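Just below is one structure, and these are the notes that go with it.
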Amino acid sequence: MEWEKVLRNSVKDGVIAELHLKKIPVLKNCENWKMVEPIGYVDHQMKFSHYKGLLVLHQDRIYFVSSSTINALSEFIKWDIKKRITVN
């Protein structure tokens with residue numbers, strides 16, 4: 001898919017476009033959360049939604065993981081959140 005290629009390369013130097021952030025699918029369930037690689041933390045208020053969570057790579061695709069999912073998994077998974085991603 002063309003959008004998957006665009007989204008996979010959408011984070012450049014810690015910055016992502018708001019249009020691309022809207023198109024990223026949400027990862028709610030995963031068979032092995034230890035295979036998920038965090039890219040960076042996002043906290044961005046849009047007109048009708050609030051993106052607060054992690055952008056991650058899983059099976060060569062980019063996903064958004066909400067902060068509620070991160071909190072639920074925090075006792076099992078040690079999230080190494082070093083980068084903060086800004087949205088423009």
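Labels for the structure tokens follow display order: chains A, B, ..., residues from 1 in each chain, ligands from 1.
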6 Å contact set for range 22-39 of chain A, only C-alpha atoms, chain neighbours under 2 positions out, as a PDB file with N, CA and C atoms, in the first residue's frame:
```pdb
ATOM      1  N   LEU A  19      -1.357  15.799   9.329  1.00  0.00           N
ATOM      2  CA  LEU A  19      -2.095  14.969   8.380  1.00  0.00           C
ATOM      3  C   LEU A  19      -1.664  13.515   8.483  1.00  0.00           C
ATOM      4  N   HIS A  20      -0.375  13.260   8.600  1.00  0.00           N
ATOM      5  CA  HIS A  20       0.123  11.895   8.711  1.00  0.00           C
ATOM      6  C   HIS A  20      -0.257  11.265  10.049  1.00  0.00           C
ATOM      7  N   LEU A  55       4.364   6.671  19.337  1.00  0.00           N
ATOM      8  CA  LEU A  55       4.442   6.158  17.983  1.00  0.00           C
ATOM      9  C   LEU A  55       5.429   5.000  18.034  1.00  0.00           C
ATOM     10  N   VAL A  56       5.027   3.860  17.469  1.00  0.00           N
ATOM     11  CA  VAL A  56       5.845   2.656  17.548  1.00  0.00           C
ATOM     12  C   VAL A  56       5.956   2.000  16.179  1.00  0.00           C
ATOM     13  N   LEU A  57       6.976   1.165  16.034  1.00  0.00           N
ATOM     14  CA  LEU A  57       7.121   0.322  14.860  1.00  0.00           C
ATOM     15  C   LEU A  57       6.829  -1.113  15.276  1.00  0.00           C
ATOM     16  N   HIS A  58       5.991  -1.784  14.489  1.00  0.00           N
ATOM     17  CA  HIS A  58       5.686  -3.191  14.721  1.00  0.00           C
ATOM     18  C   HIS A  58       5.517  -3.866  13.374  1.00  0.00           C
ATOM     19  N   TYR A  63       2.565   2.580  14.116  1.00  0.00           N
ATOM     20  CA  TYR A  63       1.293   2.592  14.834  1.00  0.00           C
ATOM     21  C   TYR A  63       1.342   3.640  15.937  1.00  0.00           C
ATOM     22  N   PHE A  64       0.158   4.000  16.415  1.00  0.00           N
ATOM     23  CA  PHE A  64       0.020   4.858  17.588  1.00  0.00           C
ATOM     24  C   PHE A  64      -0.515   4.013  18.732  1.00  0.00           C
ATOM     25  N   VAL A  65       0.129   4.116  19.902  1.00  0.00           N
ATOM     26  CA  VAL A  65      -0.323   3.414  21.108  1.00  0.00           C
ATOM     27  C   VAL A  65      -0.728   4.480  22.114  1.00  0.00           C
TER      28      VAL A  65
END
```
Please identify which residues in chain A DSSP calls alpha helix (DSSP H) from the backbone, and express them as an NGL selection string.
-> :A and (2-8 or 18-23 or 67-73)
Could you pull out the strand (DSSP E) residues of chain A from DSSP and send them as number ranges by chain?
-> A: 15-16, 37-45, 50-58, 61-66, 86-87
Given the choices A:Val15, A:Leu7, A:Leu21, A:Ile70, which gets closest to Gln45 in chain A if the distance is worked out from only C-alpha atoms?
->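 Using only C-alpha atoms, the shortest distance to Gln45 in chain A belongs to A:Leu21.
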Which one is closest to Lys83 in chain A: A:Glu2, A:Ala17, A:Gly40, A:Ser66? Count only C-alpha atoms.
-> A:Gly40
Closest of A:Ile85, A:Lys78, A:Ser67, A:Val11 to His50 in chain A, counting only C-alpha atoms, is A:Ser67
Nearest residue to Ile16 in chain A from the set A:Met46, A:Ala72, A:Val87, A:Ile77 (distances using only C-alpha atoms) |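 Among A:Met46, A:Ala72, A:Val87, A:Ile77, it is A:Val87 that comes nearest to Ile16 in chain A.
Counting only C-alpha atoms, the residue from A:Lys12, A:Arg61, A:Lys5, A:Arg84 that sits nearest to Val42 in chain A is A:Arg84.
Between CA of Leu54 in chain A and CA of Asp80 in chain A the separation is 10.4 Å.
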Given the choices A:Asn9, A:Glu18, A:Lys52, A:Tyr41, which gets closest to Trp79 in chain A if the distance is worked out from only C-alpha atoms?
->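 Of A:Asn9, A:Glu18, A:Lys52, A:Tyr41, the one nearest Trp79 in chain A is A:Tyr41, counting only C-alpha atoms.
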